[in-house]
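Quick look at target_11.tsv (TSV, C-alpha atoms and all ligand atoms):
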```tsv
chain	number	residue	atom	x	y	z
J	272	MET	CA	-10.72	20.88	-5.86
J	273	SER	CA	-11.04	17.14	-6.31
J	274	VAL	CA	-13.43	14.81	-4.51
J	275	LYS	CA	-12.25	13.86	-1.02
J	276	TYR	CA	-13.59	10.42	-0.33
J	277	TYR	CA	-11.60	9.50	2.79
J	278	SER	CA	-9.29	11.91	4.59
J	279	GLY	CA	-6.17	11.71	6.73
J	280	ASP	CA	-3.88	14.45	8.02
J	281	ASN	CA	-1.64	14.94	4.98
J	282	ILE	CA	-3.37	12.82	2.35
J	283	TYR	CA	-6.81	11.81	1.23
J	284	PHE	CA	-8.21	9.07	-0.97
J	285	ARG	CA	-10.37	9.59	-4.01
J	286	PRO	CA	-11.65	7.31	-6.77
J	287	LEU	CA	-9.33	6.70	-9.69
J	288	GLU	CA	-10.51	8.09	-13.01
J	289	VAL	CA	-9.65	7.40	-16.64
J	290	ALA	CA	-7.86	10.77	-16.62
J	291	ASP	CA	-5.36	9.23	-14.14
J	292	VAL	CA	-4.33	6.46	-16.52
J	293	ASP	CA	-1.27	8.28	-17.92
J	294	ALA	CA	0.11	8.90	-14.43
J	295	LEU	CA	-0.55	5.31	-13.37
J	296	VAL	CA	1.14	3.88	-16.45
J	297	THR	CA	4.17	6.13	-15.91
J	298	TRP	CA	4.49	5.06	-12.28
J	299	LEU	CA	3.89	1.35	-12.83
J	300	ASN	CA	6.51	1.17	-15.59
J	301	ASP	CA	9.05	3.31	-13.76
J	302	GLU	CA	12.22	1.25	-13.45
J	303	ASP	CA	12.67	1.86	-9.71
J	304	ASN	CA	9.03	1.40	-8.76
J	305	TRP	CA	8.79	-1.73	-10.85
J	306	SER	CA	11.79	-3.26	-9.09
J	307	THR	CA	9.81	-3.51	-5.85
J	308	LEU	CA	6.36	-4.22	-7.28
J	309	GLY	CA	5.12	-7.78	-7.51
J	310	ARG	CA	4.29	-7.63	-11.19
J	311	SER	CA	6.42	-8.98	-14.00
J	312	ASN	CA	4.84	-7.51	-17.11
J	313	PRO	CA	4.78	-3.93	-18.33
J	314	ILE	CA	1.43	-2.21	-18.48
J	315	ASN	CA	0.18	0.01	-21.29
J	316	ARG	CA	-2.51	2.68	-21.43
J	317	LEU	CA	-5.05	0.33	-22.97
J	318	ARG	CA	-4.74	-2.34	-20.25
J	319	GLU	CA	-4.63	0.26	-17.48
J	320	ARG	CA	-7.66	2.03	-18.87
J	321	GLU	CA	-9.54	-1.27	-18.89
J	322	TYR	CA	-8.51	-1.79	-15.27
J	323	VAL	CA	-9.68	1.68	-14.20
J	324	GLU	CA	-12.94	1.29	-16.12
J	325	GLY	CA	-13.60	-1.92	-14.21
J	326	LEU	CA	-13.18	-0.36	-10.76
J	327	TYR	CA	-15.98	0.16	-8.20
J	328	LYS	CA	-18.22	-2.56	-9.54
J	329	SER	CA	-17.42	-5.14	-6.91
J	330	PRO	CA	-17.61	-4.92	-3.10
J	331	THR	CA	-14.67	-7.31	-2.78
J	332	ASP	CA	-12.07	-4.97	-4.28
J	333	VAL	CA	-11.34	-1.32	-3.73
J	334	SER	CA	-8.56	0.75	-5.33
J	335	LEU	CA	-8.25	4.45	-4.58
J	336	GLY	CA	-5.97	7.30	-5.53
J	337	ILE	CA	-3.74	8.86	-2.86
J	338	VAL	CA	-3.76	12.66	-3.00
J	339	THR	CA	-1.87	15.27	-0.97
J	340	GLN	CA	-4.02	17.52	1.20
J	341	GLU	CA	-1.66	20.31	0.25
J	342	GLY	CA	-1.94	21.01	-3.46
J	343	ASP	CA	-4.32	18.12	-4.32
J	344	ALA	CA	-1.58	16.21	-6.14
J	345	LEU	CA	-2.23	12.57	-7.01
J	346	ILE	CA	0.90	10.75	-5.79
J	347	GLY	CA	-0.09	7.09	-5.81
J	348	CYS	CA	-2.75	4.51	-5.22
J	349	PHE	CA	-3.56	1.52	-3.05
J	350	GLY	CA	-5.85	-1.46	-3.18
J	351	LEU	CA	-7.60	-3.81	-0.78
J	352	HIS	CA	-8.23	-6.83	-2.94
J	353	GLN	CA	-10.23	-10.04	-2.90
J	354	ALA	CA	-12.08	-9.37	0.34
J	355	CYS	CA	-13.43	-12.72	1.45
J	356	ALA	CA	-17.05	-12.73	2.69
J	357	GLN	CA	-16.49	-15.61	5.12
J	358	SER	CA	-13.04	-14.93	6.52
J	359	ARG	CA	-13.21	-11.14	6.33
J	360	ARG	CA	-9.67	-10.84	5.00
J	361	ALA	CA	-8.21	-8.89	2.09
J	362	THR	CA	-4.84	-8.28	0.47
J	363	PHE	CA	-3.26	-4.84	0.56
J	364	GLY	CA	-1.14	-3.30	-2.20
J	365	LEU	CA	0.42	0.18	-2.27
J	366	LEU	CA	2.25	2.47	-4.66
J	367	ILE	CA	3.54	5.95	-3.95
J	368	GLY	CA	4.22	6.32	-7.63
J	369	ASP	CA	5.60	9.85	-7.83
J	370	ARG	CA	9.24	9.25	-6.92
J	371	LYS	CA	9.73	12.84	-5.77
J	372	ARG	CA	7.15	12.13	-3.06
J	373	GLN	CA	8.67	8.89	-1.80
J	374	GLY	CA	10.44	8.82	1.55
J	375	ALA	CA	8.33	11.70	2.88
J	376	GLY	CA	6.01	9.66	5.10
J	377	PHE	CA	3.12	9.40	2.65
J	378	GLY	CA	3.43	5.61	2.29
J	379	THR	CA	3.24	5.08	6.03
J	380	GLU	CA	0.28	7.42	6.39
J	381	ALA	CA	-1.49	5.86	3.39
J	382	THR	CA	-1.00	2.40	4.90
J	383	LYS	CA	-2.50	3.49	8.21
J	384	LEU	CA	-5.43	5.19	6.50
J	385	ALA	CA	-6.07	2.23	4.18
J	386	VAL	CA	-6.02	-0.13	7.16
J	387	ARG	CA	-8.59	2.07	8.89
J	388	TYR	CA	-10.72	1.96	5.75
J	389	GLY	CA	-10.42	-1.83	5.64
J	390	PHE	CA	-11.50	-2.33	9.23
J	391	GLU	CA	-14.02	0.47	9.63
J	392	GLU	CA	-15.65	0.53	6.19
J	393	MET	CA	-15.13	-2.94	4.70
J	394	ASN	CA	-15.57	-4.68	8.06
J	395	LEU	CA	-12.43	-6.76	7.54
J	396	ASN	CA	-10.95	-8.84	10.32
J	397	ARG	CA	-7.53	-9.33	8.76
J	398	ILE	CA	-5.39	-7.51	6.21
J	399	GLU	CA	-2.38	-9.17	4.63
J	400	LEU	CA	0.35	-8.17	2.21
J	401	SER	CA	3.57	-9.40	0.68
J	402	VAL	CA	6.72	-7.39	0.11
J	403	PHE	CA	10.18	-8.17	-1.29
J	404	SER	CA	12.73	-8.50	1.50
J	405	HIS	CA	14.95	-5.93	-0.24
J	406	ASN	CA	12.18	-3.30	-0.19
J	407	GLU	CA	13.42	-1.66	2.98
J	408	ARG	CA	11.15	1.36	2.67
J	409	GLY	CA	8.10	-0.81	2.21
J	410	VAL	CA	8.98	-3.11	5.11
J	411	ARG	CA	9.53	-0.15	7.39
J	412	ALA	CA	6.31	1.55	6.33
J	413	TYR	CA	4.27	-1.60	6.97
J	414	ARG	CA	5.86	-2.24	10.35
J	415	ARG	CA	5.35	1.39	11.30
J	416	ALA	CA	1.67	1.03	10.44
J	417	GLY	CA	1.35	-1.99	12.73
J	418	PHE	CA	1.76	-5.00	10.42
J	419	VAL	CA	3.69	-7.94	11.83
J	420	GLN	CA	5.76	-10.36	9.81
J	421	GLU	CA	4.14	-13.79	9.65
J	422	GLY	CA	6.41	-15.60	7.25
J	423	CYS	CA	8.97	-15.60	4.48
J	424	GLN	CA	8.65	-17.30	1.12
J	425	ARG	CA	12.24	-17.98	0.17
J	426	GLN	CA	13.26	-17.15	-3.41
J	427	ALA	CA	9.61	-16.81	-4.38
J	428	PHE	CA	9.99	-14.10	-7.01
J	429	TYR	CA	12.42	-13.82	-9.93
J	430	ARG	CA	13.42	-10.29	-10.83
J	431	ASN	CA	16.48	-8.68	-12.34
J	432	GLY	CA	18.34	-11.96	-12.71
J	433	ASN	CA	17.85	-13.12	-9.14
J	434	TYR	CA	15.36	-14.91	-6.93
J	435	HIS	CA	14.06	-12.76	-4.10
J	436	ASP	CA	12.57	-13.65	-0.75
J	437	VAL	CA	9.01	-12.46	-0.24
J	438	LEU	CA	7.98	-11.46	3.29
J	439	LEU	CA	4.40	-12.02	4.39
J	440	PHE	CA	2.84	-9.50	6.75
J	441	GLY	CA	-0.55	-9.41	8.42
J	442	MET	CA	-2.63	-7.32	10.76
J	443	LEU	CA	-5.68	-8.38	12.75
J	444	ARG	CA	-8.51	-6.09	13.63
J	445	ARG	CA	-7.99	-6.74	17.35
J	446	ASP	CA	-4.33	-5.70	17.08
J	447	TRP	CA	-5.31	-2.56	15.21
J	448	GLU	CA	-7.94	-1.69	17.81
J	449	ARG	CA	-5.38	-2.09	20.55
J	450	LEU	CA	-2.93	0.09	18.66
J	451	GLU	CA	-5.55	2.74	18.03
J	452	ASN	CA	-7.25	2.80	21.40
J	453	ASP	CA	-5.13	1.48	24.19
J	454	ASP	CA	-1.48	1.87	23.61
J	455	ALA	CA	0.05	4.99	22.12
J	456	ASP	CA	3.55	3.47	22.10
J	457	ALA	CA	2.55	0.22	20.42
J	458	TYR	CA	3.12	1.47	16.85
J	459	ALA	CA	6.67	2.47	17.77
J	460	ARG	CA	7.38	-0.88	19.45
J	461	LEU	CA	6.06	-2.85	16.47
J	462	ALA	CA	8.08	-0.74	14.05
J	463	SER	CA	11.29	-1.48	15.93
J	464	MET	CA	10.68	-5.25	16.16
J	465	THR	CA	13.14	-7.36	14.20
J	466	THR	CA	12.09	-10.50	12.35
G	1	LIG	C1	7.33	1.36	-0.53
G	1	LIG	C2	6.57	2.69	-0.44
G	1	LIG	C3	5.07	2.40	-0.43
G	1	LIG	C4	6.95	3.39	0.89
G	1	LIG	O1	6.29	4.63	0.96
G	1	LIG	P1	7.16	5.95	1.20
G	1	LIG	O2	6.23	7.09	1.30
G	1	LIG	O3	8.22	6.03	0.17
G	1	LIG	O4	7.82	5.62	2.62
G	1	LIG	P2	7.79	6.50	3.95
G	1	LIG	O5	8.26	7.88	3.67
G	1	LIG	O6	6.47	6.34	4.60
G	1	LIG	O7	8.94	5.78	4.79
G	1	LIG	C5	8.79	4.47	5.26
G	1	LIG	C6	10.04	4.09	6.03
G	1	LIG	O8	11.14	3.94	5.13
G	1	LIG	C7	12.21	4.75	5.53
G	1	LIG	N1	12.87	5.22	4.31
G	1	LIG	C8	12.62	6.32	3.59
G	1	LIG	N2	13.43	6.35	2.51
G	1	LIG	C9	14.19	5.24	2.58
G	1	LIG	C10	15.21	4.69	1.75
G	1	LIG	N3	15.60	5.32	0.64
G	1	LIG	N4	15.75	3.52	2.11
G	1	LIG	C11	15.35	2.88	3.23
G	1	LIG	N5	14.38	3.33	4.04
G	1	LIG	C12	13.82	4.50	3.71
G	1	LIG	C13	11.59	5.87	6.33
G	1	LIG	O9	12.53	6.43	7.25
G	1	LIG	C14	10.48	5.12	7.05
G	1	LIG	O10	10.99	4.34	8.11
G	1	LIG	P3	10.83	4.81	9.63
G	1	LIG	O11	9.39	5.21	9.80
G	1	LIG	O12	11.20	3.61	10.41
G	1	LIG	O13	11.75	5.98	9.79
G	1	LIG	C15	6.92	3.63	-1.65
G	1	LIG	O14	8.29	3.98	-1.57
G	1	LIG	C16	6.61	2.98	-2.98
G	1	LIG	O15	5.47	2.99	-3.41
G	1	LIG	N6	7.65	2.43	-3.66
G	1	LIG	C17	7.51	1.84	-4.99
G	1	LIG	C18	6.47	0.69	-5.09
G	1	LIG	C19	6.52	-0.26	-3.92
G	1	LIG	O16	7.57	-0.73	-3.49
G	1	LIG	N7	5.33	-0.56	-3.40
G	1	LIG	C20	5.18	-1.49	-2.30
G	1	LIG	C21	5.19	-2.89	-2.82
G	1	LIG	S1	4.96	-4.07	-1.48
```
Would you put the structure from the file into C-alpha cells?
Ligand SMILES: CC(C)(COP(=O)(O)OP(=O)(O)OC[C@H]1O[C@@H](n2cnc3c(N)ncnc32)[C@H](O)[C@@H]1OP(=O)(O)O)[C@@H](O)C(=O)NCCC(=O)NCCS
Amino acid sequence: MSVKYYSGDNIYFRPLEVADVDALVTWLNDEDNWSTLGRSNPINRLREREYVEGLYKSPTDVSLGIVTQEGDALIGCFGLHQACAQSRRATFGLLIGDRKRQGAGFGTEATKLAVRYGFEEMNLNRIELSVFSHNERGVRAYRRAGFVQEGCQRQAFYRNGNYHDVLLFGMLRRDWERLENDDADAYARLASMTT
C-alpha cells in the first residue's frame, strides 16, 4: 500500500519518488502524450531524476503522482507551479500518462482534486493553465472542472510542422467556492459553455 497524501473518490495523490522516473520518462516521451504537452524537448532518465530529486524543497511548487484508489496504480502526475506569494496564483499542469487510463474520467477528477489542493492547502486565489486548442480532451476536462477560458494566444506554439493556438484558462477561488457550495449545476453549465 503506498502513501496516500490527498484523496479523492477514485484517485489519490502521493509524492513522486525516484522509483517513478522510468514511468514518467515513458509517459513524457510517448508520441501521443507529447503532442499535447507544452514541451518541445525529449526528456531522459537523468534529467527526470534530477527533477524528481529537486521536488518538495520549495513551497512555491508542488508536483504529485496520481494513483488509482483501486489497485494503487500510478497513472500520471500534476503540478501547481510558481505560486506567487503576493498574487496567490499558480500555474496548473496535468498528465494522465498511462494511455490505457485516458478517457476514463481520471483527468477531470485529478483536475478537481488538484484545484481543491491549490485553494485549500496552498491558499491560492487563482489557478491558471494553458492548453493547445486541438487538445479536446484537455479542454473538456478543464471546463468540466470549472475553469473558464480567458484568452487565446494565436499560433503560439510550433509542433509537428504547424503553429497551434494556445488557450488560456483560469479559475478564481470565489468561483470555485460557488461551484462547491452553492450551485450543484454550475459545473455542468460551465462545461457546456462555448468560447
Ligand atoms: C488531457 C488529459 C489530462 C485528460 O484527462 P483524461 O482522463 O484523458 O480525460 P477525461 O476522461 O477526464 O475526459 C475529459 C473529457 O474529454 C472527453 N474525452 C474523452 N476521450 C476523448 C477523446 N478521445 N476525444 C475527445 N474527447 C474525449 C470526455 O468525454 C470528457 O468530456 P466530458 O466530461 O464533457 O464528457 C489526458 O488525456 C492527458 O494527460 N493527455 C496527455 C497529456 C496532456 O494533454 N496533458 C494536458 C496538457 S494541457
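Among the candidate residues J:Gly389, J:Gly378, J:Gly347, J:Gly279, the one lying nearest to ligand LIG 1 (chain G) is J:Gly378, with distances computed using all atoms listed in the file.
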Quick one: contact table of chain J to ligand LIG 1 (chain G), 10 Å max, nearest atom pair and distance in Å to one decimal per residue, counting all atoms listed in the file, chain and number order, as JSON lines?
```
{"residue": "J:Trp298", "atom": "CA", "partner": "G:LIG1", "partner_atom": "C17", "distance": 8.5}
{"residue": "J:Leu299", "atom": "CA", "partner": "G:LIG1", "partner_atom": "C18", "distance": 8.2}
{"residue": "J:Asp301", "atom": "CA", "partner": "G:LIG1", "partner_atom": "C17", "distance": 9.0}
{"residue": "J:Glu302", "atom": "CA", "partner": "G:LIG1", "partner_atom": "C17", "distance": 9.7}
{"residue": "J:Asp303", "atom": "CA", "partner": "G:LIG1", "partner_atom": "C17", "distance": 7.0}
{"residue": "J:Asn304", "atom": "CA", "partner": "G:LIG1", "partner_atom": "C17", "distance": 4.1}
{"residue": "J:Trp305", "atom": "CA", "partner": "G:LIG1", "partner_atom": "C18", "distance": 6.7}
{"residue": "J:Ser306", "atom": "CA", "partner": "G:LIG1", "partner_atom": "O16", "distance": 7.5}
{"residue": "J:Thr307", "atom": "CA", "partner": "G:LIG1", "partner_atom": "O16", "distance": 4.3}
{"residue": "J:Leu308", "atom": "CA", "partner": "G:LIG1", "partner_atom": "C21", "distance": 4.8}
{"residue": "J:Gly309", "atom": "CA", "partner": "G:LIG1", "partner_atom": "C21", "distance": 6.8}
{"residue": "J:Arg310", "atom": "CA", "partner": "G:LIG1", "partner_atom": "C21", "distance": 9.7}
{"residue": "J:Ile346", "atom": "CA", "partner": "G:LIG1", "partner_atom": "O15", "distance": 9.3}
{"residue": "J:Gly347", "atom": "CA", "partner": "G:LIG1", "partner_atom": "O15", "distance": 7.3}
{"residue": "J:Cys348", "atom": "CA", "partner": "G:LIG1", "partner_atom": "O15", "distance": 8.6}
{"residue": "J:Phe349", "atom": "CA", "partner": "G:LIG1", "partner_atom": "C3", "distance": 9.1}
{"residue": "J:Phe363", "atom": "CA", "partner": "G:LIG1", "partner_atom": "S1", "distance": 8.5}
{"residue": "J:Gly364", "atom": "CA", "partner": "G:LIG1", "partner_atom": "S1", "distance": 6.2}
{"residue": "J:Leu365", "atom": "CA", "partner": "G:LIG1", "partner_atom": "C20", "distance": 5.0}
{"residue": "J:Leu366", "atom": "CA", "partner": "G:LIG1", "partner_atom": "O15", "distance": 3.5}
{"residue": "J:Ile367", "atom": "CA", "partner": "G:LIG1", "partner_atom": "O15", "distance": 3.6}
{"residue": "J:Gly368", "atom": "CA", "partner": "G:LIG1", "partner_atom": "O15", "distance": 5.5}
{"residue": "J:Asp369", "atom": "CA", "partner": "G:LIG1", "partner_atom": "O15", "distance": 8.2}
{"residue": "J:Arg370", "atom": "CA", "partner": "G:LIG1", "partner_atom": "O14", "distance": 7.6}
{"residue": "J:Lys371", "atom": "CA", "partner": "G:LIG1", "partner_atom": "O3", "distance": 9.2}
{"residue": "J:Arg372", "atom": "CA", "partner": "G:LIG1", "partner_atom": "O2", "distance": 6.7}
{"residue": "J:Gln373", "atom": "CA", "partner": "G:LIG1", "partner_atom": "O3", "distance": 3.5}
{"residue": "J:Gly374", "atom": "CA", "partner": "G:LIG1", "partner_atom": "O5", "distance": 3.2}
{"residue": "J:Ala375", "atom": "CA", "partner": "G:LIG1", "partner_atom": "O5", "distance": 3.9}
{"residue": "J:Gly376", "atom": "CA", "partner": "G:LIG1", "partner_atom": "O5", "distance": 3.2}
{"residue": "J:Phe377", "atom": "CA", "partner": "G:LIG1", "partner_atom": "O2", "distance": 4.1}
{"residue": "J:Gly378", "atom": "CA", "partner": "G:LIG1", "partner_atom": "O1", "distance": 3.3}
{"residue": "J:Thr379", "atom": "CA", "partner": "G:LIG1", "partner_atom": "O6", "distance": 3.8}
{"residue": "J:Glu380", "atom": "CA", "partner": "G:LIG1", "partner_atom": "O6", "distance": 6.5}
{"residue": "J:Ala381", "atom": "CA", "partner": "G:LIG1", "partner_atom": "O6", "distance": 8.1}
{"residue": "J:Thr382", "atom": "CA", "partner": "G:LIG1", "partner_atom": "C3", "distance": 8.1}
{"residue": "J:Leu400", "atom": "CA", "partner": "G:LIG1", "partner_atom": "S1", "distance": 7.2}
{"residue": "J:Ser401", "atom": "CA", "partner": "G:LIG1", "partner_atom": "S1", "distance": 5.9}
{"residue": "J:Val402", "atom": "CA", "partner": "G:LIG1", "partner_atom": "S1", "distance": 4.1}
{"residue": "J:Phe403", "atom": "CA", "partner": "G:LIG1", "partner_atom": "S1", "distance": 6.6}
{"residue": "J:Ser404", "atom": "CA", "partner": "G:LIG1", "partner_atom": "S1", "distance": 9.4}
{"residue": "J:His405", "atom": "CA", "partner": "G:LIG1", "partner_atom": "C11", "distance": 9.5}
{"residue": "J:Asn406", "atom": "CA", "partner": "G:LIG1", "partner_atom": "O16", "distance": 6.2}
{"residue": "J:Glu407", "atom": "CA", "partner": "G:LIG1", "partner_atom": "C11", "distance": 4.9}
{"residue": "J:Arg408", "atom": "CA", "partner": "G:LIG1", "partner_atom": "O8", "distance": 3.6}
{"residue": "J:Gly409", "atom": "CA", "partner": "G:LIG1", "partner_atom": "C1", "distance": 3.6}
{"residue": "J:Val410", "atom": "CA", "partner": "G:LIG1", "partner_atom": "C6", "distance": 7.3}
{"residue": "J:Arg411", "atom": "CA", "partner": "G:LIG1", "partner_atom": "C6", "distance": 4.5}
{"residue": "J:Ala412", "atom": "CA", "partner": "G:LIG1", "partner_atom": "C5", "distance": 4.0}
{"residue": "J:Tyr413", "atom": "CA", "partner": "G:LIG1", "partner_atom": "C5", "distance": 7.8}
{"residue": "J:Arg414", "atom": "CA", "partner": "G:LIG1", "partner_atom": "O12", "distance": 7.9}
{"residue": "J:Arg415", "atom": "CA", "partner": "G:LIG1", "partner_atom": "O11", "distance": 5.8}
{"residue": "J:Ala416", "atom": "CA", "partner": "G:LIG1", "partner_atom": "O11", "distance": 8.8}
{"residue": "J:Val437", "atom": "CA", "partner": "G:LIG1", "partner_atom": "S1", "distance": 9.4}
{"residue": "J:Leu438", "atom": "CA", "partner": "G:LIG1", "partner_atom": "S1", "distance": 9.3}
{"residue": "J:Leu439", "atom": "CA", "partner": "G:LIG1", "partner_atom": "S1", "distance": 9.9}
{"residue": "J:Ala459", "atom": "CA", "partner": "G:LIG1", "partner_atom": "O12", "distance": 8.7}
{"residue": "J:Ala462", "atom": "CA", "partner": "G:LIG1", "partner_atom": "O12", "distance": 6.5}
{"residue": "J:Ser463", "atom": "CA", "partner": "G:LIG1", "partner_atom": "O12", "distance": 7.5}
```
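With all atoms listed in the file as the atoms that count, the residue of J:Tyr429, J:Trp447, J:Phe284, J:Tyr322 with the shortest distance to Ile398 of chain J is J:Trp447.
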Of J:Ile314, J:Leu345, J:Ala354, J:Val274, the one sitting nearest Pro330 of chain J when using only C-alpha atoms is J:Ala354
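Remark: for Ala344 of chain J, the closest of the candidate residues J:Val323, J:Val289, J:Ala427, J:Ala294 is J:Ala294 (distances computed over only C-alpha atoms).
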*For Leu317 of chain J, work out the shell of residues within 12 Å, counting all atoms listed in the file and skipping chain neighbours fewer than 6 positions away, then give it as a PyMOL selection string.*
chain J and resi 289+292-293+295-296+323-324
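What separates atom CA of Lys383 of chain J from atom CA of Ser273 of chain J is a distance of 21.7 Å.
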Using only C-alpha atoms, give me every residue within 9 Å of (-15.4, 9.1, -4.8) in file coordinates, as a CSV table (one decimal) with C-alpha atoms, in the frame of the given file.
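And here's part.csv as it stands now:
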```csv
chain,number,residue,atom,x,y,z
J,274,VAL,CA,-13.4,14.8,-4.5
J,275,LYS,CA,-12.2,13.9,-1.0
J,276,TYR,CA,-13.6,10.4,-0.3
J,277,TYR,CA,-11.6,9.5,2.8
J,284,PHE,CA,-8.2,9.1,-1.0
J,285,ARG,CA,-10.4,9.6,-4.0
J,286,PRO,CA,-11.6,7.3,-6.8
J,287,LEU,CA,-9.3,6.7,-9.7
J,335,LEU,CA,-8.2,4.4,-4.6
```
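Atom CA of Asn394 of chain J lies 15.2 Å from atom CA of Gly350 of chain J.
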Students should find that atom CA of Pro313 of chain J and atom CA of Asp291 of chain J are spaced 17.1 Å
